[in-house]
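First comes the structure, then the notes that go with it.
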Amino acid sequence: LRPNRYAKLPPGPPGLPLLGNIFQLPSNFMYLRLHEWSKQYGPIFSFNVGGQSVVVLNSAKTAGDVLDRLSAHSSNRPAWIKLNQFLSRGKNVVGLQQGETWRRLRKAIHEVLNIRNVNGFRSMQEEEATIMIRGLLAYPNVKLVKHFHRASASIVWRALYGGVPLDLNGRDPTERVEELSAYIFRSALPGKSLMDMFPPFRHLYANSKWLRRYLDEWHLESTDIFEGVYHGAKDASALGVPCVSNNLSRLPEEYGISETARAWTSGVLFSAGQDTTATSLRFFVLAMLLHPEVMRQAQAELDAVVGDRMPTFDGKDRLPYISAIVKEVARWRPAAPAGVPHAAADDFEYDGYVIPRGTWILDNIWSQTRDPALYDDPEEFRPSRFLDSEGRIKPGAPDSHDDWLGFGHGRRICPGRDLATNSLFIAFASLLWAFEFRSREGELAPHDVGLVDNFITVQPAPFEADLVPRFTDLGIRLDHAGTHSV
Ligand code: HEM
């Protein structure tokens, strides 16, 4: 980044010459330090990592101003040399710089995952919820995280590639993709990649096969997996809608987007979509263990609306409390608490500041979802905050994105958000309908469950709970919901 003598960045924590605030950034859970700083420096501040300026947006209002209303200036991604040049070699839609290729890929993704079209995936999501409940019933000794992993991976997988449900006990083709994506997530955060901070390292890596052997292997293995599944994608027309891979394959040749880049796009969508959805499922169970009164109220709503039949999307409008739980899980424990970094596309002004091109812009979702202007007692898990006096979902406050701040902002806003919120709605409704959640004897108390930092996502460490069937004939009732195997 060239020094910009006109830059006038918002004030923030003082740092060292040249190195800036690098030693003040913890190696894990960066969002907690950002939150502390936001209390001291207010709704917008900046810090510096080895010469790289980073602006942080801590309130729904500043995020709305900068990332939504000034989105033409704030929707780029950081240069991310390690991620873009060495690991993905320019084929990662999350890391692509704003430009024609990124726009075309986003459009092709949006055509499949837009709010109207994702309704075509609803019957598949209902089927996946039934498979999850059946699996929990049949295999109580398989870890909860594995059941959640299967369900979220299978939904995203089928929306991207078509095909049949993933098997709980079979070979899991998604596990390796996740291991590979954990590595790339790390390099997307400030201060985590040496070659991004110190240019001489780039030249060293570029010129030494030996130094970059892991990065090269990472790229080749990812490409191999992504191409394999992309070319094997089944037409999801059985679901009534094409899957994302089919739509990508229809992009006109003259766009110059190679087959490998198309395969990479689906692969990257998988890694962006699976982990986030599974994380929200884990936080949901924790919330239910911590707040049995919420679980009981939700079950009373389900009993009144769907009774002894498995919930479906048809009842969604009559299940506002379940919808409020989905919103509250996404607010209380956002799966990606510091968002995904944006970057300034050019020099621009905001509120008397001048933010130069290339500045990283962090969408501090954690602080925004604790913004007292929007949410009183923000640490409390209270789904009723989203309901009016008649028990209906209230319109969201200004700049709250209808109370979905967890999906980011502006032109980079999560393209999978409607698929994800539908997955969470039907999964939460089905789990609450089928089971009473109880802390397991000898397990950690729910408030003692630790956190795991996956660098973009932060999730609860694996924990166990007893899921006690609410109906003695649950298995038979599931049969009425369809004939699904685990
Ligand atoms: C609970 C589930 C999910 C959460 C909390 C979540 C959250 C986010 C967030 C915070 C961002 C960054 C937005 C920004 O830069 O402003 C993002 C981006 C993205 N998400 Fe999601 N996401 C979820 C599910 C999904 C799913 C299911 C998919 C795909 C099937 C997906 C695909 C993507 C992609 C491709 C991007 C990058 C967009 C771009 O750079 O243009 N996400 N997501």
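By order in the structure tokens, chains are A, B, ...; within a chain, residues start at 1; ligands start at 1, following the order shown.
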Distance query A:Phe463 at most 12 Å, only C-alpha atoms, self and fewer than 4 positions along chain excluded, as an MDAnalysis selection string: chainID A and resid 142:146 282:283 285:286 289 438:452 459
Please produce a file of the residues just selected, as a PDB file, in the first residue's frame, where the atoms kept are C-alpha atoms.
ATOM      1  CA  VAL A 142     -22.359 -40.560  17.480  1.00  0.00           C
ATOM      2  CA  LYS A 143     -21.181 -37.105  18.527  1.00  0.00           C
ATOM      3  CA  LEU A 144     -23.633 -34.221  18.141  1.00  0.00           C
ATOM      4  CA  VAL A 145     -21.128 -32.260  16.055  1.00  0.00           C
ATOM      5  CA  LYS A 146     -21.002 -35.101  13.564  1.00  0.00           C
ATOM      6  CA  ARG A 282     -24.028 -25.860  17.787  1.00  0.00           C
ATOM      7  CA  PHE A 283     -24.713 -22.435  19.318  1.00  0.00           C
ATOM      8  CA  VAL A 285     -28.177 -26.280  21.192  1.00  0.00           C
ATOM      9  CA  LEU A 286     -26.031 -24.419  23.725  1.00  0.00           C
ATOM     10  CA  LEU A 289     -29.380 -25.851  27.328  1.00  0.00           C
ATOM     11  CA  ARG A 438     -30.788 -31.789  28.558  1.00  0.00           C
ATOM     12  CA  SER A 439     -27.257 -31.271  29.820  1.00  0.00           C
ATOM     13  CA  ARG A 440     -25.543 -34.614  30.096  1.00  0.00           C
ATOM     14  CA  GLU A 441     -24.331 -35.821  33.450  1.00  0.00           C
ATOM     15  CA  GLY A 442     -20.543 -35.657  33.646  1.00  0.00           C
ATOM     16  CA  GLU A 443     -20.370 -33.225  30.701  1.00  0.00           C
ATOM     17  CA  LEU A 444     -19.280 -29.585  30.983  1.00  0.00           C
ATOM     18  CA  ALA A 445     -22.004 -27.234  32.174  1.00  0.00           C
ATOM     19  CA  PRO A 446     -23.252 -25.330  29.086  1.00  0.00           C
ATOM     20  CA  HIS A 447     -21.765 -22.018  30.258  1.00  0.00           C
ATOM     21  CA  ASP A 448     -18.344 -23.663  30.610  1.00  0.00           C
ATOM     22  CA  VAL A 449     -18.158 -24.893  27.023  1.00  0.00           C
ATOM     23  CA  GLY A 450     -15.095 -23.255  25.452  1.00  0.00           C
ATOM     24  CA  LEU A 451     -14.744 -21.713  22.004  1.00  0.00           C
ATOM     25  CA  VAL A 452     -12.693 -22.766  18.991  1.00  0.00           C
ATOM     26  CA  GLN A 459     -17.642 -22.048  17.231  1.00  0.00           C
TER      27      GLN A 459
END
Exercise answer, 8 Å around ligand 1 with only C-alpha atoms and all ligand atoms, as a ChimeraX atom specification: /A:67,75,77,93-96,102,106,113,156,159-160,265,268-280,330,334-342,363,365,406-421,424
Coordinates-based distance that separates atom CA of A:Arg33 from atom CA of A:Gly15 (Å, one decimal): 14.3 Å
A:Leu211, A:Ala344, A:Ala153, A:Val54 ranked by distance to A:Ser71, top pick (using only C-alpha atoms): A:Ala344
A:Ala206 environment, 12 Å, only C-alpha atoms, sequence neighbours closer than 4 positions dropped, as a list in words: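 Counting only C-alpha atoms, the residues come to Ile81, Lys82, Gln85, Phe86, Met195, Pro199, Pro200, Phe201, Arg202, Trp210, Leu211, Arg212, Arg213, Leu215 and Asp216 of chain A.
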Test item, alpha helix (DSSP H) assignment across stretch 196-342 of chain A, answer as a ChimeraX atom specification: /A:196-197,199-207,213-231,244-249,259-290,292-305,320-332
Counting only C-alpha atoms, the residue of A:Asn28, A:Ser193, A:Asn58, A:Ser266 that sits nearest A:Ile225: A:Ser266
Using only C-alpha atoms: which of A:Gly315, A:Gly191, A:Gly475, A:Pro242 has the shortest distance to A:Phe121: A:Pro242
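Nearest residue to A:Thr369, choosing from A:Gln52, A:Ser222, A:Asn246, A:Ser59 and counting only C-alpha atoms: A:Ser59.
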Atom CA of A:Ile325 to atom CA of A:Ser384, straight-line distance in Å: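 Going from atom CA of A:Ser384 over to atom CA of A:Ile325 covers 8.2 Å.
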Coordinates-based distance that separates atom CA of A:Lys8 from atom CA of A:Ile355 (Å, one decimal):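 Separation of atom CA of A:Ile355 and atom CA of A:Lys8: 6.5 Å.
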Given only C-alpha atoms as the counted atoms, nearest of A:Leu432, A:Leu405, A:Leu57, A:Ala129 to A:Val294: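 So, comparing all the options, the nearest one is A:Leu432.
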Counting only C-alpha atoms, the residue of A:Asn92, A:Asn117, A:Asn21, A:Asn141 that sits nearest A:Ser53: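 Closest residue, counting only C-alpha atoms: A:Asn21.
Using only C-alpha atoms, the residues found no farther than 9 Å from A:Ile184, other than those of its own chain fewer than 5 positions away, are Lys82, Leu83, Leu87 and Ser88 of chain A.
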File dump, residues just selected, C-alpha atoms, as a short mmCIF file (atom, residue, chain, number, x, y, z; two decimals), in the first residue's frame:
data_model
loop_
_atom_site.label_atom_id
_atom_site.label_comp_id
_atom_site.auth_asym_id
_atom_site.auth_seq_id
_atom_site.Cartn_x
_atom_site.Cartn_y
_atom_site.Cartn_z
CA LYS A 82 -0.93 -15.43 0.19
CA LEU A 83 -4.63 -16.25 -0.23
CA LEU A 87 -3.18 -20.53 -2.46
CA SER A 88 -6.10 -19.86 -4.82
#
Backbone-only DSSP, strand (DSSP E) members of stretch 253-397 of chain A, as an MDAnalysis selection string: chainID A and resid 342:343 348:350 353:355 360:363
